[in-house]
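Visitor: Next up, coords17.cif (mmCIF, C-alpha atoms).
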data_query
#
loop_
_atom_site.group_PDB
_atom_site.id
_atom_site.type_symbol
_atom_site.label_atom_id
_atom_site.label_comp_id
_atom_site.auth_asym_id
_atom_site.auth_seq_id
_atom_site.Cartn_x
_atom_site.Cartn_y
_atom_site.Cartn_z
ATOM 1 C CA MET A 1 -29.802 11.862 -69.484
ATOM 2 C CA GLY A 2 -27.422 14.542 -70.582
ATOM 3 C CA SER A 3 -26.931 18.184 -69.709
ATOM 4 C CA GLY A 4 -29.433 19.343 -72.357
ATOM 5 C CA SER A 5 -32.157 16.973 -71.170
ATOM 6 C CA LEU A 6 -34.157 19.579 -69.230
ATOM 7 C CA ASN A 7 -34.449 21.695 -72.362
ATOM 8 C CA ALA A 8 -35.472 18.653 -74.392
ATOM 9 C CA MET A 9 -38.052 17.575 -71.800
ATOM 10 C CA SER A 10 -39.742 20.978 -71.964
ATOM 11 C CA VAL A 11 -40.345 20.437 -75.695
ATOM 12 C CA PHE A 12 -41.700 16.935 -75.099
ATOM 13 C CA GLU A 13 -44.020 18.169 -72.356
ATOM 14 C CA SER A 14 -45.382 21.026 -74.451
ATOM 15 C CA SER A 15 -45.580 19.230 -77.824
ATOM 16 C CA TRP A 16 -46.548 15.616 -77.158
ATOM 17 C CA ARG A 17 -50.109 14.521 -77.864
ATOM 18 C CA PRO A 18 -51.676 11.120 -78.470
ATOM 19 C CA ASN A 19 -51.577 9.612 -81.977
ATOM 20 C CA LEU A 20 -48.679 11.613 -83.411
ATOM 21 C CA THR A 21 -47.776 10.532 -86.927
ATOM 22 C CA ARG A 22 -44.261 9.211 -87.520
ATOM 23 C CA ASP A 23 -43.213 12.472 -89.191
ATOM 24 C CA GLU A 24 -44.730 14.596 -86.399
ATOM 25 C CA ALA A 25 -42.928 12.515 -83.775
ATOM 26 C CA VAL A 26 -39.584 12.777 -85.606
ATOM 27 C CA GLU A 27 -40.052 16.564 -85.886
ATOM 28 C CA MET A 28 -40.857 16.802 -82.162
ATOM 29 C CA VAL A 29 -37.740 14.801 -81.262
ATOM 30 C CA LYS A 30 -35.641 17.017 -83.565
ATOM 31 C CA ASP A 31 -37.045 20.140 -81.892
ATOM 32 C CA ALA A 32 -36.336 18.672 -78.442
ATOM 33 C CA ILE A 33 -32.737 17.817 -79.264
ATOM 34 C CA GLU A 34 -32.199 21.229 -80.856
ATOM 35 C CA ALA A 35 -33.537 22.857 -77.659
ATOM 36 C CA GLY A 36 -30.769 21.021 -75.809
ATOM 37 C CA ILE A 37 -28.180 22.037 -78.388
ATOM 38 C CA PHE A 38 -29.074 25.737 -78.409
ATOM 39 C CA ASN A 39 -29.667 26.179 -74.665
ATOM 40 C CA ASP A 40 -26.827 24.143 -73.201
ATOM 41 C CA LEU A 41 -23.160 24.715 -74.031
ATOM 42 C CA GLY A 42 -22.279 21.112 -73.178
ATOM 43 C CA SER A 43 -24.591 19.594 -75.777
ATOM 44 C CA GLY A 44 -23.639 18.447 -79.252
ATOM 45 C CA SER A 45 -24.196 20.065 -82.610
ATOM 46 C CA ASN A 46 -26.294 17.735 -84.762
ATOM 47 C CA VAL A 47 -29.440 15.617 -84.549
ATOM 48 C CA ASP A 48 -29.500 11.858 -85.137
ATOM 49 C CA VAL A 49 -32.850 10.088 -84.859
ATOM 50 C CA CYS A 50 -33.705 6.446 -84.284
ATOM 51 C CA VAL A 51 -37.275 5.415 -85.134
ATOM 52 C CA ILE A 52 -38.305 2.175 -83.438
ATOM 53 C CA THR A 53 -41.497 0.490 -84.603
ATOM 54 C CA LYS A 54 -42.802 -3.039 -84.239
ATOM 55 C CA GLY A 55 -40.371 -5.186 -86.224
ATOM 56 C CA ASN A 56 -38.192 -2.336 -87.519
ATOM 57 C CA VAL A 57 -35.428 0.024 -86.419
ATOM 58 C CA GLU A 58 -34.509 2.982 -88.618
ATOM 59 C CA TYR A 59 -31.419 5.110 -87.961
ATOM 60 C CA ILE A 60 -31.464 8.598 -89.454
ATOM 61 C CA ARG A 61 -27.951 10.021 -89.108
ATOM 62 C CA GLY A 62 -27.530 13.752 -89.653
ATOM 63 C CA HIS A 63 -31.292 14.406 -89.678
ATOM 64 C CA SER A 64 -30.556 18.013 -88.779
ATOM 65 C CA GLN A 65 -27.271 19.904 -88.476
ATOM 66 C CA PRO A 66 -28.179 23.271 -86.965
ATOM 67 C CA ASN A 67 -24.638 24.134 -85.820
ATOM 68 C CA GLU A 68 -22.605 23.019 -88.783
ATOM 69 C CA ARG A 69 -18.950 23.967 -88.453
ATOM 70 C CA VAL A 70 -17.558 26.400 -90.984
ATOM 71 C CA ALA A 71 -14.022 27.420 -91.823
ATOM 72 C CA LYS A 72 -12.518 30.011 -89.487
ATOM 73 C CA GLU A 73 -12.373 33.512 -90.917
ATOM 74 C CA GLN A 74 -8.773 34.038 -89.841
ATOM 75 C CA SER A 75 -5.901 32.429 -88.010
ATOM 76 C CA TYR A 76 -5.966 32.684 -84.244
ATOM 77 C CA ARG A 77 -2.254 32.073 -83.697
ATOM 78 C CA PHE A 78 -0.355 34.692 -81.762
ATOM 79 C CA ALA A 79 3.345 35.430 -81.894
ATOM 80 C CA ALA A 80 5.484 34.407 -78.916
ATOM 81 C CA GLY A 81 5.680 37.230 -76.391
ATOM 82 C CA THR A 82 2.223 38.637 -77.194
ATOM 83 C CA THR A 83 1.067 37.924 -73.638
ATOM 84 C CA GLU A 84 3.269 38.899 -70.706
ATOM 85 C CA PHE A 85 4.575 35.931 -68.700
ATOM 86 C CA ILE A 86 4.898 36.621 -64.952
ATOM 87 C CA GLY A 87 6.243 33.391 -63.463
ATOM 88 C CA SER A 88 6.718 29.690 -63.898
ATOM 89 C CA LYS A 89 3.303 28.802 -62.422
ATOM 90 C CA PRO A 90 0.256 31.093 -62.639
ATOM 91 C CA GLY A 91 -0.723 32.285 -59.152
ATOM 92 C CA ALA A 92 2.242 30.550 -57.493
ATOM 93 C CA GLN A 93 3.800 32.448 -54.607
ATOM 94 C CA ALA A 94 5.664 29.718 -52.766
ATOM 95 C CA GLY A 95 9.116 28.636 -53.861
ATOM 96 C CA GLY A 96 10.458 32.027 -54.845
ATOM 97 C CA ALA A 97 7.891 33.243 -57.387
ATOM 98 C CA ALA A 98 6.986 36.866 -56.665
ATOM 99 C CA ALA A 99 3.353 37.890 -56.288
ATOM 100 C CA MET A 100 2.022 40.316 -58.893
ATOM 101 C CA ASP A 101 1.384 43.848 -57.550
ATOM 102 C CA VAL A 102 -2.213 44.798 -58.390
ATOM 103 C CA SER A 103 -2.447 47.858 -56.123
ATOM 104 C CA ALA A 104 -1.907 50.405 -58.912
#
Rewrite the coordinates I just gave you, this time as structure tokens.
Guide:
Amino acid sequence: MGSGSLNAMSVFESSWRPNLTRDEAVEMVKDAIEAGIFNDLGSGSNVDVCVITKGNVEYIRGHSQPNERVAKEQSYRFAAGTTEFIGSKPGAQAGGAAAMDVSA
């Protein structure tokens, strides 16, 4: 069970009922996985479904892609020297690196 599983379980618990059709069950699973995707930053970004029936296994890759990546609007590269550098190791005080004065 992954980090989005609690979100997914809430959909299963609220949506499951006996005798779901195949399409209703696939839709419920999609909704459950999307709940994990949208409510947990550690979850993935697309929905793959595997339908298992007696004598058959069906893989549906890319059933839903709610967070499809798009091209960045601009470059996020910054010129050297944009951010002030205060020492060889951030937060290091031992070994000669001076502490940053934050009293001002």
Visitor: Could you check which of A:Ala80, A:Ile86, A:Cys50, A:Val70 is closest to Val26 of chain A, using all atoms listed in the file?
Guide: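 Of the candidates, the smallest distance to Val26 of chain A is held by A:Cys50.
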Visitor: Could you name the residues that touch Ile33 of chain A at 8 Å or less, counting all atoms listed in the file, but leaving out those on the same chain fewer than 6 positions away, as number ranges by chain?
Guide: A: 4, 8, 47
Visitor: Between atom CA of Ala35 of chain A and atom CA of Val57 of chain A, what is the distance in Å, rounded to a tenth?
Guide: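 Result for atom CA of Ala35 of chain A versus atom CA of Val57 of chain A: 24.5 Å, one decimal.
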Visitor: With distances taken over all atoms listed in the file, which of A:Tyr59, A:Ser3, A:Lys54, A:Gln65 is nearest to Gly42 of chain A?
Guide: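 The shortest atom-to-atom distance to Gly42 of chain A comes from A:Ser3.
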Visitor: Write out as a PyMOL selection string each polymer residue whose atoms come within 10 Å of Pro66 of chain A, counting all atoms listed in the file; drop sequence neighbours fewer than 3 positions from it.
Guide: chain A and resi 34+37-38+45-47+62-63+69
Visitor: Dump C-alpha atoms for the selected residues as a CSV table (one decimal), keeping the file's coordinate frame?
Guide:
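Dumped everything to out-v6.csv:
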chain,number,residue,atom,x,y,z
A,34,GLU,CA,-32.2,21.2,-80.9
A,37,ILE,CA,-28.2,22.0,-78.4
A,38,PHE,CA,-29.1,25.7,-78.4
A,45,SER,CA,-24.2,20.1,-82.6
A,46,ASN,CA,-26.3,17.7,-84.8
A,47,VAL,CA,-29.4,15.6,-84.5
A,62,GLY,CA,-27.5,13.8,-89.7
A,63,HIS,CA,-31.3,14.4,-89.7
A,69,ARG,CA,-19.0,24.0,-88.5
Visitor: Select, from A:Ser64, A:Ala71, A:Arg77, A:Asn56, the residue with the minimum atom-to-atom distance to Gly44 of chain A, counting all atoms listed in the file.
Guide: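 Comparing A:Ser64, A:Ala71, A:Arg77, A:Asn56 against Gly44 of chain A, the winner is A:Ser64.
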Visitor: Name the residues that the PyMOL selection byres ((chain A and resi 25) around 12) picks from the file above, as a count of residues only, using the file's chain letters and numbers.
Guide: 23
Visitor: Between atom CA of Ser75 of chain A and atom CA of Gly87 of chain A, what is the spacing in Å?
Guide: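 Computing it gives 27.4 Å between the two atoms.
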Visitor: What is the atom CA of Glu58 of chain A-atom CA of Met9 of chain A distance in Å, reported with one decimal?
Guide: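 Between atom CA of Glu58 of chain A and atom CA of Met9 of chain A the gap is 22.5 Å.
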Visitor: Extending 5 Å beyond the listed atoms of segment 49-61 of chain A on each side, what axis-aligned box results? I want centre and edge lengths in Å to one decimal, as JSON.
Guide:
{"center_x": -35.4, "center_y": 2.5, "center_z": -86.4, "size_x": 24.9, "size_y": 25.3, "size_z": 16.0}
Visitor: Point out the residue among A:Glu68, A:Gly55, A:Ile60, A:Asn7 with the least atom-to-atom distance to Leu41 of chain A, counting all atoms listed in the file.
Guide: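 That would be A:Asn7, the residue with the smallest distance to Leu41 of chain A.
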